[in-house]
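Below is run34.pdb, holding PDB, C-alpha atoms.
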```
ATOM      1  CA  MET A   1      56.321  -3.097 -73.874
ATOM      2  CA  LEU A   2      55.658  -2.716 -70.197
ATOM      3  CA  GLU A   3      53.355   0.245 -69.719
ATOM      4  CA  ALA A   4      54.601   2.964 -67.384
ATOM      5  CA  ILE A   5      52.715   3.860 -64.198
ATOM      6  CA  TYR A   6      52.472   7.512 -63.235
ATOM      7  CA  LEU A   7      50.365   8.331 -60.174
ATOM      8  CA  ASP A   8      50.113  11.815 -58.692
ATOM      9  CA  GLY A   9      50.565  12.075 -54.958
ATOM     10  CA  THR A  10      47.591  12.917 -52.747
ATOM     11  CA  GLU A  11      47.365  13.925 -49.095
ATOM     12  CA  ASP A  12      47.445  10.247 -48.092
ATOM     13  CA  THR A  13      49.054   8.411 -51.003
ATOM     14  CA  PRO A  14      52.509   8.888 -52.521
ATOM     15  CA  LYS A  15      53.519   9.875 -56.021
ATOM     16  CA  ILE A  16      54.483   6.783 -57.997
ATOM     17  CA  VAL A  17      56.646   6.590 -61.097
ATOM     18  CA  LEU A  18      57.452   3.240 -62.693
ATOM     19  CA  ASP A  19      58.826   3.907 -66.153
ATOM     20  CA  LYS A  20      61.090   1.326 -67.753
ATOM     21  CA  GLY A  21      61.469   3.334 -71.005
ATOM     22  CA  ASN A  22      62.884   6.393 -69.230
ATOM     23  CA  ASN A  23      64.497   4.304 -66.485
ATOM     24  CA  LEU A  24      62.638   6.160 -63.725
ATOM     25  CA  PHE A  25      61.459   4.502 -60.532
ATOM     26  CA  GLU A  26      60.180   6.640 -57.704
ATOM     27  CA  ILE A  27      57.953   6.663 -54.626
ATOM     28  CA  SER A  28      57.684  10.033 -52.940
ATOM     29  CA  GLY A  29      55.501  12.058 -50.604
ATOM     30  CA  ARG A  30      53.075  10.735 -47.993
ATOM     31  CA  SER A  31      51.970   7.172 -47.675
ATOM     32  CA  LEU A  32      49.152   6.662 -45.223
ATOM     33  CA  PRO A  33      46.428   4.966 -47.237
ATOM     34  CA  GLU A  34      43.630   3.289 -45.339
ATOM     35  CA  ASP A  35      44.187   0.130 -47.352
ATOM     36  CA  ALA A  36      47.915  -0.148 -47.983
ATOM     37  CA  ALA A  37      47.652  -3.622 -49.521
ATOM     38  CA  GLU A  38      45.180  -2.414 -52.149
ATOM     39  CA  PHE A  39      47.172   0.720 -52.953
ATOM     40  CA  TYR A  40      50.487  -1.086 -53.415
ATOM     41  CA  GLN A  41      49.218  -4.174 -55.263
ATOM     42  CA  PRO A  42      49.532  -2.636 -58.784
ATOM     43  CA  ILE A  43      53.100  -1.592 -57.968
ATOM     44  CA  LEU A  44      54.041  -5.102 -56.837
ATOM     45  CA  ASP A  45      52.353  -6.565 -59.930
ATOM     46  CA  TRP A  46      54.292  -4.163 -62.171
ATOM     47  CA  LEU A  47      57.583  -5.172 -60.569
ATOM     48  CA  ASP A  48      56.721  -8.849 -61.110
ATOM     49  CA  LYS A  49      56.312  -8.146 -64.820
ATOM     50  CA  TYR A  50      59.444  -5.975 -64.919
ATOM     51  CA  GLN A  51      61.545  -8.785 -63.485
ATOM     52  CA  GLY A  52      63.030 -10.724 -66.396
ATOM     53  CA  GLN A  53      62.931  -7.727 -68.747
ATOM     54  CA  GLU A  54      64.733  -5.298 -66.457
ATOM     55  CA  ASN A  55      67.034  -2.506 -67.578
ATOM     56  CA  SER A  56      70.725  -3.045 -66.883
ATOM     57  CA  LYS A  57      70.449  -0.618 -63.955
ATOM     58  CA  THR A  58      67.328   0.035 -61.861
ATOM     59  CA  ASN A  59      67.778   2.827 -59.358
ATOM     60  CA  PHE A  60      64.663   3.081 -57.214
ATOM     61  CA  MET A  61      64.192   6.412 -55.498
ATOM     62  CA  PHE A  62      62.361   6.611 -52.170
ATOM     63  CA  LYS A  63      61.666  10.158 -51.068
ATOM     64  CA  LEU A  64      59.026   9.814 -48.405
ATOM     65  CA  GLU A  65      57.872  12.491 -46.057
ATOM     66  CA  TYR A  66      55.695  10.195 -43.923
ATOM     67  CA  PHE A  67      54.570   6.624 -44.098
ATOM     68  CA  ASN A  68      52.309   4.635 -41.796
ATOM     69  CA  THR A  69      53.205   1.226 -40.406
ATOM     70  CA  ALA A  70      50.919  -0.607 -42.859
ATOM     71  CA  SER A  71      52.845   1.058 -45.715
ATOM     72  CA  SER A  72      56.161   0.060 -44.150
ATOM     73  CA  LYS A  73      55.258  -3.583 -44.625
ATOM     74  CA  LEU A  74      54.473  -2.945 -48.300
ATOM     75  CA  ILE A  75      57.687  -0.953 -48.761
ATOM     76  CA  LEU A  76      59.527  -4.033 -47.522
ATOM     77  CA  ASP A  77      57.595  -6.087 -50.104
ATOM     78  CA  ILE A  78      58.726  -3.705 -52.862
ATOM     79  CA  LEU A  79      62.323  -3.959 -51.664
ATOM     80  CA  SER A  80      62.074  -7.752 -51.579
ATOM     81  CA  LYS A  81      60.938  -7.695 -55.227
ATOM     82  CA  LEU A  82      63.850  -5.398 -56.104
ATOM     83  CA  GLU A  83      66.167  -7.909 -54.470
ATOM     84  CA  GLU A  84      65.233 -10.341 -57.254
ATOM     85  CA  ILE A  85      65.945  -7.771 -59.968
ATOM     86  CA  GLU A  86      69.416  -7.770 -61.463
ATOM     87  CA  GLY A  87      71.209  -4.403 -61.146
ATOM     88  CA  ALA A  88      68.708  -2.900 -58.702
ATOM     89  CA  SER A  89      69.743  -0.244 -56.191
ATOM     90  CA  VAL A  90      67.933   2.148 -53.871
ATOM     91  CA  THR A  91      68.419   5.836 -53.218
ATOM     92  CA  TRP A  92      66.797   6.718 -49.922
ATOM     93  CA  PHE A  93      66.126  10.434 -49.477
ATOM     94  CA  TYR A  94      65.341  11.975 -46.104
ATOM     95  CA  HIS A  95      64.950  15.507 -44.891
ATOM     96  CA  GLU A  96      68.194  16.620 -43.277
ATOM     97  CA  ASP A  97      66.663  16.917 -39.785
ATOM     98  CA  ASP A  98      64.512  13.793 -40.071
ATOM     99  CA  GLU A  99      66.377  11.188 -38.046
ATOM    100  CA  ASP A 100      63.384   8.852 -37.982
ATOM    101  CA  MET A 101      63.274   8.665 -41.790
ATOM    102  CA  GLU A 102      67.037   8.175 -41.942
ATOM    103  CA  GLU A 103      66.777   5.350 -39.406
ATOM    104  CA  ALA A 104      63.848   3.797 -41.283
ATOM    105  CA  GLY A 105      65.980   3.670 -44.417
ATOM    106  CA  GLU A 106      68.873   2.110 -42.515
ATOM    107  CA  GLU A 107      66.571  -0.561 -41.138
ATOM    108  CA  PHE A 108      65.191  -1.415 -44.556
ATOM    109  CA  SER A 109      68.737  -1.640 -45.877
ATOM    110  CA  GLU A 110      69.504  -4.177 -43.134
ATOM    111  CA  LEU A 111      66.464  -6.268 -44.046
ATOM    112  CA  VAL A 112      67.228  -6.703 -47.742
ATOM    113  CA  ASP A 113      70.300  -7.370 -49.830
ATOM    114  CA  ILE A 114      70.341  -4.340 -52.169
ATOM    115  CA  PRO A 115      72.828  -1.452 -52.330
ATOM    116  CA  PHE A 116      71.390   1.608 -50.550
ATOM    117  CA  ASP A 117      72.534   5.141 -51.124
ATOM    118  CA  PHE A 118      71.425   7.797 -48.617
ATOM    119  CA  LYS A 119      70.804  11.402 -49.571
ATOM    120  CA  THR A 120      69.400  14.382 -47.708
ATOM    121  CA  TYR A 121      67.213  17.108 -49.136
TER     122      TYR A 121
ATOM    123  CA  MET B   1      24.037  25.020 -20.712
ATOM    124  CA  LYS B   2      26.801  25.263 -18.120
ATOM    125  CA  TYR B   3      28.397  22.140 -19.601
ATOM    126  CA  ILE B   4      29.627  24.238 -22.521
ATOM    127  CA  TYR B   5      31.575  26.515 -20.218
ATOM    128  CA  ASP B   6      32.794  23.508 -18.209
ATOM    129  CA  LEU B   7      33.990  21.757 -21.325
ATOM    130  CA  HIS B   8      35.682  24.925 -22.508
ATOM    131  CA  LYS B   9      37.464  25.321 -19.149
ATOM    132  CA  THR B  10      38.528  21.670 -19.139
ATOM    133  CA  MET B  11      40.035  22.072 -22.584
ATOM    134  CA  LEU B  12      41.899  25.194 -21.540
ATOM    135  CA  ASN B  13      43.132  23.646 -18.293
ATOM    136  CA  GLN B  14      44.373  20.535 -20.064
ATOM    137  CA  ASN B  15      45.888  22.670 -22.854
ATOM    138  CA  LEU B  16      43.944  20.695 -25.431
ATOM    139  CA  ILE B  17      44.441  22.113 -28.891
ATOM    140  CA  LEU B  18      42.198  19.616 -30.619
ATOM    141  CA  VAL B  19      39.445  17.264 -29.504
ATOM    142  CA  TYR B  20      37.452  15.056 -31.803
ATOM    143  CA  GLU B  21      34.637  12.803 -30.641
ATOM    144  CA  GLY B  22      32.574  10.700 -33.002
ATOM    145  CA  GLU B  23      32.928   8.329 -35.881
ATOM    146  CA  PHE B  24      36.414   7.600 -37.241
ATOM    147  CA  THR B  25      37.036   7.082 -40.938
ATOM    148  CA  GLN B  26      39.957   7.735 -43.253
ATOM    149  CA  GLU B  27      38.321  11.003 -44.381
ATOM    150  CA  ILE B  28      38.036  12.183 -40.782
ATOM    151  CA  THR B  29      41.600  11.056 -40.090
ATOM    152  CA  LYS B  30      42.786  13.269 -42.957
ATOM    153  CA  SER B  31      40.787  16.241 -41.671
ATOM    154  CA  VAL B  32      42.065  15.854 -38.106
ATOM    155  CA  LEU B  33      45.646  15.571 -39.389
ATOM    156  CA  ALA B  34      45.237  18.679 -41.538
ATOM    157  CA  MET B  35      43.832  20.671 -38.597
ATOM    158  CA  ALA B  36      46.647  19.601 -36.277
ATOM    159  CA  GLU B  37      49.243  20.405 -38.934
ATOM    160  CA  ARG B  38      47.815  23.867 -39.494
ATOM    161  CA  ASN B  39      47.728  24.430 -35.771
ATOM    162  CA  MET B  40      51.391  23.460 -35.348
ATOM    163  CA  ASP B  41      52.357  25.569 -38.380
ATOM    164  CA  SER B  42      50.531  28.564 -36.937
ATOM    165  CA  PHE B  43      53.024  28.869 -34.085
ATOM    166  CA  GLY B  44      55.987  27.648 -36.115
ATOM    167  CA  GLU B  45      56.569  24.305 -34.428
ATOM    168  CA  GLU B  46      59.900  22.741 -35.323
ATOM    169  CA  GLY B  47      59.839  20.369 -38.307
ATOM    170  CA  ALA B  48      61.283  17.402 -36.442
ATOM    171  CA  VAL B  49      58.708  17.687 -33.646
ATOM    172  CA  LYS B  50      55.898  18.211 -36.121
ATOM    173  CA  ARG B  51      56.801  15.090 -38.042
ATOM    174  CA  LYS B  52      56.856  12.980 -34.872
ATOM    175  CA  VAL B  53      53.480  14.305 -33.753
ATOM    176  CA  PHE B  54      52.052  13.710 -37.224
ATOM    177  CA  ASN B  55      53.378  10.152 -37.374
ATOM    178  CA  ILE B  56      52.036   9.203 -33.978
ATOM    179  CA  MET B  57      48.684  10.799 -34.766
ATOM    180  CA  VAL B  58      48.431   8.728 -37.942
ATOM    181  CA  GLU B  59      49.066   5.467 -36.092
ATOM    182  CA  CYS B  60      46.698   6.402 -33.317
ATOM    183  CA  LEU B  61      43.871   7.468 -35.661
ATOM    184  CA  GLN B  62      44.260   4.491 -37.972
ATOM    185  CA  ASN B  63      44.337   2.137 -34.984
ATOM    186  CA  ILE B  64      40.912   3.455 -34.058
ATOM    187  CA  THR B  65      39.601   3.231 -37.633
ATOM    188  CA  LYS B  66      40.794  -0.370 -37.905
ATOM    189  CA  HIS B  67      40.210  -1.747 -34.427
ATOM    190  CA  ALA B  68      37.531   0.187 -32.553
ATOM    191  CA  VAL B  69      34.415  -1.863 -31.935
ATOM    192  CA  SER B  70      31.140  -0.027 -32.125
ATOM    193  CA  TYR B  71      28.688  -0.082 -29.287
ATOM    194  CA  ASP B  72      25.209   1.329 -29.316
ATOM    195  CA  SER B  73      25.650   2.129 -32.990
ATOM    196  CA  ASP B  74      22.190   3.736 -33.134
ATOM    197  CA  SER B  75      23.166   6.659 -30.996
ATOM    198  CA  TYR B  76      26.908   6.828 -31.450
ATOM    199  CA  GLY B  77      27.535   5.624 -34.974
ATOM    200  CA  LYS B  78      30.216   3.226 -36.015
ATOM    201  CA  ASN B  79      33.676   3.374 -34.420
ATOM    202  CA  SER B  80      32.662   6.090 -32.002
ATOM    203  CA  ALA B  81      35.788   7.152 -30.174
ATOM    204  CA  ILE B  82      37.657  10.159 -28.834
ATOM    205  CA  PHE B  83      40.948  11.648 -29.930
ATOM    206  CA  MET B  84      42.783  14.577 -28.317
ATOM    207  CA  ILE B  85      46.009  16.523 -28.635
ATOM    208  CA  GLY B  86      47.328  18.537 -25.753
ATOM    209  CA  LYS B  87      50.190  20.978 -26.039
ATOM    210  CA  GLN B  88      52.197  21.713 -22.915
ATOM    211  CA  LYS B  89      55.242  23.914 -22.635
ATOM    212  CA  ASP B  90      57.648  21.008 -23.114
ATOM    213  CA  GLU B  91      55.593  18.289 -24.739
ATOM    214  CA  TYR B  92      52.665  17.188 -26.833
ATOM    215  CA  VAL B  93      50.287  14.636 -25.378
ATOM    216  CA  ILE B  94      48.292  12.535 -27.815
ATOM    217  CA  THR B  95      45.453  10.585 -26.272
ATOM    218  CA  SER B  96      42.728   8.400 -27.644
ATOM    219  CA  GLY B  97      39.900   6.312 -26.265
ATOM    220  CA  ASN B  98      37.827   3.673 -27.991
ATOM    221  CA  SER B  99      35.874   0.561 -27.196
ATOM    222  CA  ILE B 100      37.308  -2.874 -27.819
ATOM    223  CA  LEU B 101      36.159  -6.413 -27.052
ATOM    224  CA  SER B 102      36.834  -7.308 -23.417
ATOM    225  CA  GLU B 103      38.226 -10.661 -24.518
ATOM    226  CA  ASP B 104      41.102  -8.780 -26.202
ATOM    227  CA  VAL B 105      42.064  -6.773 -23.108
ATOM    228  CA  GLU B 106      44.429  -9.321 -21.609
ATOM    229  CA  SER B 107      46.487  -9.802 -24.775
ATOM    230  CA  MET B 108      46.664  -6.038 -25.328
ATOM    231  CA  ILE B 109      47.942  -5.448 -21.790
ATOM    232  CA  LYS B 110      50.602  -8.082 -22.434
ATOM    233  CA  ARG B 111      51.674  -6.446 -25.705
ATOM    234  CA  LEU B 112      51.751  -2.925 -24.272
ATOM    235  CA  GLU B 113      53.611  -4.001 -21.119
ATOM    236  CA  ASN B 114      56.131  -5.839 -23.255
ATOM    237  CA  ILE B 115      56.694  -2.744 -25.429
ATOM    238  CA  ASN B 116      57.109  -0.567 -22.344
ATOM    239  CA  SER B 117      59.694  -2.951 -20.905
ATOM    240  CA  LEU B 118      61.989  -2.648 -23.934
ATOM    241  CA  ASN B 119      64.781  -0.153 -24.531
ATOM    242  CA  LYS B 120      65.465   1.638 -27.815
ATOM    243  CA  ASP B 121      67.523  -1.159 -29.375
ATOM    244  CA  GLN B 122      65.128  -3.872 -28.235
ATOM    245  CA  LEU B 123      62.215  -1.946 -29.764
ATOM    246  CA  LYS B 124      64.114  -1.778 -33.025
ATOM    247  CA  GLU B 125      64.634  -5.545 -32.961
ATOM    248  CA  LEU B 126      60.954  -6.121 -32.197
ATOM    249  CA  TYR B 127      60.003  -3.847 -35.106
ATOM    250  CA  LYS B 128      62.230  -5.761 -37.501
ATOM    251  CA  GLU B 129      60.907  -9.073 -36.251
ATOM    252  CA  ILE B 130      57.257  -8.051 -36.737
ATOM    253  CA  ILE B 131      57.763  -6.436 -40.146
ATOM    254  CA  LYS B 132      59.262  -9.685 -41.495
ATOM    255  CA  ARG B 133      56.499 -11.860 -40.047
ATOM    256  CA  PRO B 134      53.742 -12.531 -42.586
ATOM    257  CA  GLY B 135      50.205 -11.769 -41.445
ATOM    258  CA  GLU B 136      47.078 -13.661 -42.428
ATOM    259  CA  GLY B 137      45.469 -10.894 -44.487
ATOM    260  CA  PRO B 138      46.228  -9.444 -47.926
ATOM    261  CA  ALA B 139      49.880  -8.627 -48.693
ATOM    262  CA  GLY B 140      51.021 -10.145 -45.411
ATOM    263  CA  LEU B 141      49.088  -7.629 -43.354
ATOM    264  CA  SER B 142      46.598  -8.582 -40.662
ATOM    265  CA  PRO B 143      43.040  -9.416 -41.756
ATOM    266  CA  LYS B 144      42.169  -5.834 -40.771
ATOM    267  CA  GLY B 145      44.947  -4.440 -42.967
ATOM    268  CA  GLY B 146      47.333  -3.454 -40.197
ATOM    269  CA  ALA B 147      50.991  -4.325 -39.860
ATOM    270  CA  GLY B 148      50.869  -5.023 -36.109
ATOM    271  CA  LEU B 149      53.503  -2.317 -35.743
ATOM    272  CA  GLY B 150      51.461   0.657 -34.553
ATOM    273  CA  PHE B 151      52.221   0.547 -30.816
ATOM    274  CA  VAL B 152      55.892  -0.294 -31.382
ATOM    275  CA  ASP B 153      56.189   2.605 -33.814
ATOM    276  CA  MET B 154      54.490   5.011 -31.401
ATOM    277  CA  ALA B 155      56.853   3.965 -28.609
ATOM    278  CA  ARG B 156      59.889   4.333 -30.873
ATOM    279  CA  LYS B 157      58.985   7.680 -32.428
ATOM    280  CA  SER B 158      57.966   9.221 -29.109
ATOM    281  CA  GLY B 159      60.898   7.794 -27.182
ATOM    282  CA  ASN B 160      58.548   7.473 -24.217
ATOM    283  CA  LYS B 161      56.543   4.753 -22.502
ATOM    284  CA  LEU B 162      52.953   4.381 -23.670
ATOM    285  CA  GLY B 163      50.294   5.151 -21.073
ATOM    286  CA  PHE B 164      47.224   2.932 -21.153
ATOM    287  CA  SER B 165      44.169   1.906 -19.180
ATOM    288  CA  PHE B 166      41.034  -0.166 -19.641
ATOM    289  CA  GLU B 167      37.576   0.526 -18.185
ATOM    290  CA  LYS B 168      34.738  -1.947 -18.288
ATOM    291  CA  ILE B 169      31.766  -0.722 -20.392
ATOM    292  CA  ASN B 170      29.650  -3.868 -20.128
ATOM    293  CA  ASP B 171      30.144  -7.637 -20.209
ATOM    294  CA  LYS B 172      31.387  -7.630 -23.762
ATOM    295  CA  LEU B 173      33.140  -4.312 -24.206
ATOM    296  CA  SER B 174      35.914  -2.337 -22.575
ATOM    297  CA  PHE B 175      37.077   1.222 -23.086
ATOM    298  CA  PHE B 176      40.734   1.467 -24.057
ATOM    299  CA  SER B 177      42.601   4.706 -23.344
ATOM    300  CA  LEU B 178      46.038   5.327 -24.789
ATOM    301  CA  LYS B 179      48.441   8.180 -24.130
ATOM    302  CA  THR B 180      51.659   9.049 -25.972
ATOM    303  CA  THR B 181      53.949  11.899 -24.964
ATOM    304  CA  ILE B 182      56.284  13.636 -27.413
ATOM    305  CA  SER B 183      58.969  15.979 -26.166
ATOM    306  CA  ARG B 184      59.163  19.380 -27.864
ATOM    307  CA  GLN B 185      62.901  19.358 -27.235
ATOM    308  CA  ILE B 186      64.257  16.802 -29.664
ATOM    309  CA  VAL B 187      67.491  15.389 -28.309
ATOM    310  CA  LYS B 188      70.055  15.117 -31.084
ATOM    311  CA  GLU B 189      72.289  12.098 -30.821
TER     312      GLU B 189
END
```
Take the structure in this file and express it as structure tokens.
Amino acid sequence: MLEAIYLDGTEDTPKIVLDKGNNLFEISGRSLPEDAAEFYQPILDWLDKYQGQENSKTNFMFKLEYFNTASSKLILDILSKLEEIEGASVTWFYHEDDEDMEEAGEEFSELVDIPFDFKTY
Amino acid sequence: MKYIYDLHKTMLNQNLILVYEGEFTQEITKSVLAMAERNMDSFGEEGAVKRKVFNIMVECLQNITKHAVSYDSDSYGKNSAIFMIGKQKDEYVITSGNSILSEDVESMIKRLENINSLNKDQLKELYKEIIKRPGEGPAGLSPKGGAGLGFVDMARKSGNKLGFSFEKINDKLSFFSLKTTISRQIVKE
């Protein structure tokens, strides 16, 4: 059984939920770690293991308040992994007056071949 | 001790709400961000403006943490640099200054001039091109852990040209000043 990852958010790292058993996949909050590659490596590794034993549907929720440009590259890496996962989709949340976050989601959706659903909060 | 009064007057005249001079680390970045956030909250700045200022501050501060070159580390410490936020009636002005290797000046001028020559759509294309390009460091980032997107992102989020200048410190080092302006009137499209 693939062990779930639950990480609480901090002032510079997002909350992470990767839980196959409960079918929950979430990144939310602020992502401005000093070392984005180090922070996101366990998440990419988990997705590698998840691929091949994926649930029939994998809806990945992104609900980010801020992310730095180093994180944006890693978010694209996560999305590229999801592209390889059968039945994967993304729900991209953005604050209703946050046009930059809406646009960021649109750009990611143009860079990968996964269904994106946009929601405001 | 007149310099204290002079400095105080300069800060008032330039409408500087925050000035930090010294070493830059992730911990200091977090503290500076928290102070600026509290300051903007204290007079109820609009959420959309606040987010833009915050984003540009993050890129600016992490640029310094990642790229500033130390000089005279005995007296100034590592990554000694300056970071300021000014608040005018209609805009925020985020400025930073740090030393870099003189040999990098020419390529930085090229990059910044290129960014300033692009319109909104062209900046978006440049962003997408860079984000797809693998770097030589871990996870496709640069060896210093950056995405190479900082300046492009600052130009996009601010919607304004980036101001920059370089002063010679000595044969090896130059002082790089960067200025980003963010309108307090967000234009809805």
**Message:** Applying the PyMOL selection byres ((chain B) within 8 of (chain A)) to the file I just gave you, which residues come out? Please list them as JSON, numbers by chain.
**Reply:** {"B": [26, 30, 47, 48, 51, 55, 58, 59, 62, 128, 131, 132, 138, 139, 140, 141, 145, 146, 147, 148, 149, 150, 153, 157]}
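Each of B:Ser142, B:Ser165, B:Ser158, B:Asn116 was checked against Ser177 of chain B using all atoms listed in the file; the smallest atom-to-atom distance is that of B:Ser165.
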Would you place a box with edges along x, y and z of the file around all atoms of segment 71-89 of chain A listed there, add 6 Å to each of its six sides, and report the centre and edge lengths in Å to one decimal, as lines of an AutoDock Vina configuration file?
```
center_x = 62.0
center_y = -4.6
center_z = -52.8
size_x = 30.4
size_y = 23.4
size_z = 29.3
```
**Request:** Mind checking which residues fall within 9 Å of Phe60 of chain A, counting all atoms listed in the file, ignoring those fewer than 2 positions away in the same chain, and posting them as a PyMOL selection string?
**Result:** chain A and resi 24-27+58+62+82+88-92
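As for atom CA of Ile28 of chain B and atom CA of Glu46 of chain B, they are spaced 24.9 Å apart.
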**Item:** Of the listed residues B:Ala81, B:Asp171, B:Glu136, B:Lys87, that which approaches Phe43 of chain B most closely, counting only C-alpha atoms
**Value:** B:Lys87
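Relative to atom CA of Met35 of chain B, atom CA of Ile85 of chain B is found at 11.0 Å.
Here the PyMOL selection byres ((chain B and resi 101-115) around 9) captures the residues Ala68, Val69, Ser99, Ile100, Asn116, Ser117, Leu118, Asn119, Gln122, Leu123, Leu126, Phe151, Val152, Ala155, Lys161, Leu162, Gly163, Phe164, Ser165, Phe166, Lys168, Ile169, Asn170, Asp171, Lys172, Leu173, Ser174, Phe175 and Phe176 of chain B.
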Dump of C-alpha atoms for the selected residues, as an mmCIF file, keeping the file's coordinate frame:
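Output file selection06.cif is given in full below:
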```cif
data_model
loop_
_atom_site.group_PDB
_atom_site.id
_atom_site.type_symbol
_atom_site.label_atom_id
_atom_site.label_comp_id
_atom_site.auth_asym_id
_atom_site.auth_seq_id
_atom_site.Cartn_x
_atom_site.Cartn_y
_atom_site.Cartn_z
ATOM 1 C CA ALA B 68 37.531 0.187 -32.553
ATOM 2 C CA VAL B 69 34.415 -1.863 -31.935
ATOM 3 C CA SER B 99 35.874 0.561 -27.196
ATOM 4 C CA ILE B 100 37.308 -2.874 -27.819
ATOM 5 C CA ASN B 116 57.109 -0.567 -22.344
ATOM 6 C CA SER B 117 59.694 -2.951 -20.905
ATOM 7 C CA LEU B 118 61.989 -2.648 -23.934
ATOM 8 C CA ASN B 119 64.781 -0.153 -24.531
ATOM 9 C CA GLN B 122 65.128 -3.872 -28.235
ATOM 10 C CA LEU B 123 62.215 -1.946 -29.764
ATOM 11 C CA LEU B 126 60.954 -6.121 -32.197
ATOM 12 C CA PHE B 151 52.221 0.547 -30.816
ATOM 13 C CA VAL B 152 55.892 -0.294 -31.382
ATOM 14 C CA ALA B 155 56.853 3.965 -28.609
ATOM 15 C CA LYS B 161 56.543 4.753 -22.502
ATOM 16 C CA LEU B 162 52.953 4.381 -23.670
ATOM 17 C CA GLY B 163 50.294 5.151 -21.073
ATOM 18 C CA PHE B 164 47.224 2.932 -21.153
ATOM 19 C CA SER B 165 44.169 1.906 -19.180
ATOM 20 C CA PHE B 166 41.034 -0.166 -19.641
ATOM 21 C CA LYS B 168 34.738 -1.947 -18.288
ATOM 22 C CA ILE B 169 31.766 -0.722 -20.392
ATOM 23 C CA ASN B 170 29.650 -3.868 -20.128
ATOM 24 C CA ASP B 171 30.144 -7.637 -20.209
ATOM 25 C CA LYS B 172 31.387 -7.630 -23.762
ATOM 26 C CA LEU B 173 33.140 -4.312 -24.206
ATOM 27 C CA SER B 174 35.914 -2.337 -22.575
ATOM 28 C CA PHE B 175 37.077 1.222 -23.086
ATOM 29 C CA PHE B 176 40.734 1.467 -24.057
#
```
**Message:** Here's the selection I'm unsure about, the PyMOL selection byres ((chain B and resi 24) around 7); applied to the file above, which residues does it give, as a VMD selection string?
**Reply:** chain B and resid 22 to 23 25 to 26 28 to 29 64 to 65 79 to 80
**Message:** Set the distance at 8 Å and use all atoms listed in the file: which residues neighbour Lys120 of chain B once local chain neighbours fewer than 3 positions away are removed? I'd like the list as a ChimeraX atom specification.
**Reply:** /B:123-124,156,159
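For the residues A:Lys20, A:Lys49, A:Lys63, A:Lys15, ranking by smallest atom-to-atom distance to Tyr121 of chain A using all atoms listed in the file places A:Lys63 first.
Relative to atom CA of Tyr94 of chain A, atom CA of Ile56 of chain B is found at 18.2 Å.
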May I have the residues within 9 Å of Glu37 of chain B as a PDB file with C-alpha atoms, keeping the file's coordinate frame, using all atoms listed in the file and disregarding those fewer than 5 positions away in the same chain?
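Result file follows (around-v2.pdb):
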```
ATOM      1  CA  VAL B  32      42.065  15.854 -38.106  1.00  0.00           C
ATOM      2  CA  SER B  42      50.531  28.564 -36.937  1.00  0.00           C
ATOM      3  CA  LYS B  50      55.898  18.211 -36.121  1.00  0.00           C
ATOM      4  CA  PHE B  54      52.052  13.710 -37.224  1.00  0.00           C
TER       5      PHE B  54
END
```
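Of the residues listed (A:Val112, A:Ile85, A:Leu7, A:Ile16), A:Ile16 shows the shortest atom-to-atom separation from Leu64 of chain A; distances use only C-alpha atoms.
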**Request:** Tell me which protein, DNA and RNA residues are within 7 Å of Tyr6 of chain A, counting only C-alpha atoms, leaving out same-chain ones fewer than 2 positions away, and put them as a VMD selection string.
**Result:** chain A and resid 4 8 16 to 18
